[in-house]
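Raw my_file-v4.cif, mmCIF, C-alpha atoms:
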data_final
loop_
_atom_site.label_atom_id
_atom_site.label_comp_id
_atom_site.auth_asym_id
_atom_site.auth_seq_id
_atom_site.Cartn_x
_atom_site.Cartn_y
_atom_site.Cartn_z
CA GLY O 1 48.93 -69.42 23.06
CA GLY O 2 47.84 -68.45 26.54
CA ASN O 3 44.85 -66.43 25.34
CA GLN O 4 42.84 -69.07 23.46
CA GLY O 5 39.40 -68.12 24.73
CA GLY O 6 39.89 -64.37 24.46
CA GLY O 7 39.96 -64.01 28.27
CA GLN O 8 42.74 -62.37 30.19
CA ALA O 9 43.92 -62.31 33.77
CA SER O 10 45.71 -59.44 35.42
CA GLN O 11 47.05 -58.96 38.92
CA GLN O 12 44.60 -56.74 40.77
CA GLN O 13 46.23 -56.38 44.16
CA GLN O 14 49.02 -57.94 46.16
CA GLY O 15 48.27 -58.51 49.82
CA GLN O 16 50.56 -59.12 52.78
CA GLY O 17 51.46 -62.76 52.29
CA HIS O 18 52.64 -65.60 54.47
CA SER O 19 56.22 -65.91 55.74
CA GLN O 20 56.57 -69.48 54.39
CA ALA O 21 55.13 -71.55 51.54
CA VAL O 22 51.38 -71.31 50.90
CA THR O 23 50.17 -74.93 50.87
CA CYS O 24 46.41 -74.65 50.39
CA SER O 25 43.52 -72.34 49.68
CA THR O 26 39.75 -72.28 49.46
CA GLY O 27 37.05 -69.68 49.07
CA VAL O 28 33.79 -68.94 50.84
CA THR O 29 31.01 -66.40 50.46
CA LEU O 30 29.43 -65.18 53.68
CA ASN O 31 26.80 -62.41 53.86
CA ASN O 32 27.44 -61.56 50.19
CA GLU O 33 31.17 -61.04 50.85
CA PHE O 34 33.72 -63.38 49.28
CA TYR O 35 36.76 -64.48 51.30
CA ALA O 36 39.83 -66.31 50.00
CA LEU O 37 41.38 -68.44 52.73
CA THR O 38 45.05 -69.44 52.56
CA GLY O 39 47.04 -71.84 54.71
CA SER O 40 50.80 -72.02 55.06
CA LEU O 41 53.76 -73.80 56.57
CA ASP O 42 54.11 -70.65 58.72
CA ALA O 43 51.29 -72.19 60.83
CA THR O 44 48.70 -69.56 59.93
CA VAL O 45 45.42 -69.33 58.09
CA LYS O 46 44.69 -65.95 56.54
CA ALA O 47 41.35 -64.65 55.29
CA TRP O 48 41.39 -62.10 52.47
CA ASP O 49 38.48 -60.05 51.15
CA SER O 50 37.72 -59.71 47.44
CA SER O 51 40.15 -56.76 47.14
CA ALA O 52 43.02 -58.87 48.60
CA ASN O 53 42.92 -56.97 51.89
CA LEU O 54 43.97 -59.13 54.81
CA GLN O 55 41.03 -59.49 57.21
CA ILE O 56 42.12 -62.18 59.69
CA THR O 57 45.30 -64.07 60.58
CA GLU O 58 44.96 -67.03 62.94
CA GLY O 59 47.82 -69.17 64.25
CA HIS O 60 47.55 -72.95 64.52
CA GLY O 61 50.85 -73.95 66.16
CA GLN O 62 51.92 -76.17 63.26
CA GLY O 63 51.99 -76.10 59.47
CA VAL O 64 48.63 -75.88 57.68
CA TYR O 65 48.33 -78.31 54.75
CA ALA O 66 44.63 -78.36 53.82
CA LEU O 67 41.56 -76.12 54.13
CA GLU O 68 37.88 -76.54 53.37
CA THR O 69 34.58 -75.07 54.49
CA VAL O 70 31.45 -77.01 55.36
CA ALA O 71 28.07 -75.93 56.70
CA ASP O 72 26.64 -77.38 59.91
CA ALA O 73 22.98 -78.35 60.39
CA GLY O 74 22.13 -74.73 61.24
CA GLY O 75 23.71 -73.40 58.04
CA ASN O 76 26.71 -71.90 59.88
CA THR O 77 30.05 -71.93 58.05
CA LEU O 78 32.78 -74.06 59.59
CA LEU O 79 36.43 -73.97 58.58
CA ILE O 80 38.15 -77.36 58.51
CA VAL O 81 41.94 -77.09 58.89
CA GLY O 82 44.27 -80.03 58.15
CA LEU O 83 47.53 -79.79 60.06
CA GLU O 84 51.11 -80.99 59.83
CA LYS O 85 50.91 -83.57 62.64
CA GLY O 86 47.76 -85.26 61.27
CA ASN O 87 45.16 -83.51 63.40
CA ILE O 88 42.20 -81.51 62.12
CA MET O 89 40.86 -78.32 63.71
CA VAL O 90 37.24 -77.31 63.27
CA ARG O 91 36.69 -73.56 63.62
CA ALA O 92 33.70 -71.25 63.31
CA PHE O 93 33.99 -68.80 60.42
CA PRO O 94 34.48 -65.85 60.33
CA SER O 95 35.29 -65.67 64.06
CA PHE O 96 37.94 -68.45 63.83
CA THR O 97 36.74 -69.71 67.23
CA ASN O 98 38.24 -73.16 67.78
CA LEU O 99 35.29 -75.53 68.25
CA PHE O 100 37.11 -78.85 68.51
CA SER O 101 40.05 -80.89 67.29
CA LEU O 102 39.96 -84.29 65.63
CA ASP O 103 43.07 -86.28 66.48
CA THR O 104 44.15 -89.62 67.86
CA ARG O 105 44.16 -88.35 71.46
CA TYR O 106 40.37 -87.92 71.45
CA THR O 107 39.03 -89.94 68.54
CA PHE O 108 40.37 -91.95 65.64
CA GLY O 109 42.22 -89.92 63.06
CA HIS O 110 45.30 -89.58 60.94
CA ALA O 111 48.25 -90.78 63.00
CA ALA O 112 51.30 -90.09 60.85
CA GLY O 113 52.13 -86.97 58.91
CA PRO O 114 50.12 -84.11 57.51
CA VAL O 115 46.50 -84.05 56.44
CA ARG O 116 47.05 -83.40 52.72
CA THR O 117 43.51 -82.90 51.42
CA ILE O 118 40.00 -82.06 52.61
CA VAL O 119 36.93 -82.20 50.37
CA GLN O 120 33.41 -81.07 51.24
CA GLY O 121 30.79 -83.78 50.89
CA PRO O 122 26.99 -83.89 51.11
CA SER O 123 24.92 -83.59 54.30
CA GLN O 124 27.48 -81.83 56.55
CA THR O 125 30.23 -84.31 55.69
CA PHE O 126 33.84 -83.86 54.66
CA PHE O 127 36.55 -86.26 53.53
CA THR O 128 40.18 -86.12 54.65
CA GLY O 129 43.25 -87.79 53.20
CA ALA O 130 46.67 -87.81 54.82
CA GLU O 131 50.25 -88.96 54.65
CA ASP O 132 49.21 -92.22 56.35
CA GLY O 133 47.38 -93.28 53.17
CA LYS O 134 43.97 -93.30 54.85
CA VAL O 135 40.81 -91.51 53.78
CA TYR O 136 38.20 -90.72 56.43
CA VAL O 137 34.67 -89.39 56.14
CA TRP O 138 33.52 -87.10 58.96
CA GLN O 139 30.07 -85.68 59.64
CA ILE O 140 29.35 -82.50 61.58
CA GLN O 141 26.25 -83.04 63.68
CA GLY O 142 24.28 -80.25 65.31
CA ASP O 143 24.49 -76.49 65.19
CA VAL O 144 27.70 -74.54 65.87
CA ALA O 145 25.68 -71.87 67.69
CA ALA O 146 24.98 -74.43 70.41
CA LEU O 147 28.70 -75.27 70.69
CA LEU O 148 29.61 -71.59 70.91
CA ALA O 149 26.99 -71.01 73.63
CA LYS O 150 28.53 -73.84 75.71
CA GLN O 151 31.99 -72.28 75.39
CA GLY O 152 30.78 -68.79 76.29
#
Translate this file's structure into structure tokens.
Amino acid sequence: GGNQGGGQASQQQQGQGHSQAVTCSTGVTLNNEFYALTGSLDATVKAWDSSANLQITEGHGQGVYALETVADAGGNTLLIVGLEKGNIMVRAFPSFTNLFSLDTRYTFGHAAGPVRTIVQGPSQTFFTGAEDGKVYVWQIQGDVAALLAKQG
């Protein structure tokens, strides 16, 4: 049966969803508040609070296939977004400020098809895998606060 351990799950709340298929999700706790992050073929990432209330919707211009969070050297939370055309956006969280993009125009990266998976690694690293069959390891160096100050 579906209740082998005695536990049960029930739907608590239904939020305003995406307009196309949800392709990925991850969770992050920031300042004692949990956020569920969802990505979709509708080209958006949405952040939901623990009561399933939509907090943020951010467009990315192309389908979102993978999401992960990683901390920078200063302990700031970064959102790593794997996109349909093989590029990766790195955003500050929870502001969603776009810090930089990893793609073949500026650096090496996934050249063909969507980034399918992102996994957090040790020491400010993350791994990406894509339609091109390649796996890359990236490392965030420095403090996002410094990057944000340069943009401001």
Result set of the PyMOL selection byres ((chain O and resi 126-132) around 6) on the coordinates above, as an NGL selection string
:O and (112-121 or 125 or 133-138)
Here is a test: counting all atoms listed in the file, which residue of O:Thr44, O:Ser19, O:Asn76, O:Asn87 is nearest to Val64 in chain O?
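Counting all atoms listed in the file, the residue closest to Val64 in chain O is O:Thr44.
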Residue with the minimum atom-to-atom distance to Ile56 in chain O, picked from O:Thr38, O:Gln20, O:Thr29, O:Asn98 with all atoms listed in the file counted, is O:Thr38
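Take the candidates O:Leu67, O:Leu79, O:Gly17, O:Pro122 and check each one against Phe93 in chain O using all atoms listed in the file; the shortest distance goes to O:Leu79.
Nearest-residue note for Phe96 in chain O: choosing from O:Gly74, O:Gly59, O:Gly109, O:Gly82, the minimum distance belongs to O:Gly59, counting all atoms listed in the file.
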Got a sec: who's within 8 Å of Ser25 in chain O, counting only C-alpha atoms, leaving out chain neighbours fewer than 5 positions off, as an mmCIF file with C-alpha atoms, in the coordinates of the input?
data_model
loop_
_atom_site.group_PDB
_atom_site.id
_atom_site.type_symbol
_atom_site.label_atom_id
_atom_site.label_comp_id
_atom_site.auth_asym_id
_atom_site.auth_seq_id
_atom_site.Cartn_x
_atom_site.Cartn_y
_atom_site.Cartn_z
ATOM 1 C CA ALA O 36 39.830 -66.310 50.000
ATOM 2 C CA LEU O 37 41.380 -68.440 52.730
ATOM 3 C CA THR O 38 45.050 -69.440 52.560
ATOM 4 C CA GLY O 39 47.040 -71.840 54.710
ATOM 5 C CA ALA O 66 44.630 -78.360 53.820
ATOM 6 C CA LEU O 67 41.560 -76.120 54.130
ATOM 7 C CA GLU O 68 37.880 -76.540 53.370
#
Result set of the PyMOL selection byres ((chain O and resi 34) around 10) on the coordinates above, as a PDB file with C-alpha atoms, keeping the file's coordinate frame:
ATOM      1  CA  GLY O  27      37.050 -69.680  49.070  1.00  0.00           C
ATOM      2  CA  VAL O  28      33.790 -68.940  50.840  1.00  0.00           C
ATOM      3  CA  THR O  29      31.010 -66.400  50.460  1.00  0.00           C
ATOM      4  CA  LEU O  30      29.430 -65.180  53.680  1.00  0.00           C
ATOM      5  CA  ASN O  31      26.800 -62.410  53.860  1.00  0.00           C
ATOM      6  CA  ASN O  32      27.440 -61.560  50.190  1.00  0.00           C
ATOM      7  CA  GLU O  33      31.170 -61.040  50.850  1.00  0.00           C
ATOM      8  CA  TYR O  35      36.760 -64.480  51.300  1.00  0.00           C
ATOM      9  CA  ALA O  36      39.830 -66.310  50.000  1.00  0.00           C
ATOM     10  CA  LEU O  37      41.380 -68.440  52.730  1.00  0.00           C
ATOM     11  CA  ALA O  47      41.350 -64.650  55.290  1.00  0.00           C
ATOM     12  CA  TRP O  48      41.390 -62.100  52.470  1.00  0.00           C
ATOM     13  CA  ASP O  49      38.480 -60.050  51.150  1.00  0.00           C
ATOM     14  CA  SER O  50      37.720 -59.710  47.440  1.00  0.00           C
ATOM     15  CA  SER O  51      40.150 -56.760  47.140  1.00  0.00           C
TER      16      SER O  51
END
Using the chain letters and numbering of this document, enumerate as a ChimeraX atom specification the residues selected by the PyMOL selection byres ((chain O and resi 43) around 12).
/O:18-24,38-42,44-46,57-66,81-85
Do you have the CA of Pro94 in chain O-CA of His110 in chain O distance handy?
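Atom-to-atom, CA of Pro94 in chain O and CA of His110 in chain O are spaced 26.1 Å apart.
Of note, CA of Leu54 in chain O and CA of Asp143 in chain O are spaced 28.1 Å apart.
Here CA of Ala73 in chain O is placed at a distance of 8.2 Å from CA of Val144 in chain O.
The residue that comes closest to Asn53 in chain O, out of O:Gly86, O:Ala149, O:Gln16, O:Asp72 and on the basis of all atoms listed in the file, is O:Gln16.
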6 Å per side around range 58-65 of chain O: axis-aligned box centre and edge lengths, as AutoDock Vina command-line options:
--center_x 48.5 --center_y -72.7 --center_z 60.5 --size_x 19.0 --size_y 23.3 --size_z 23.4
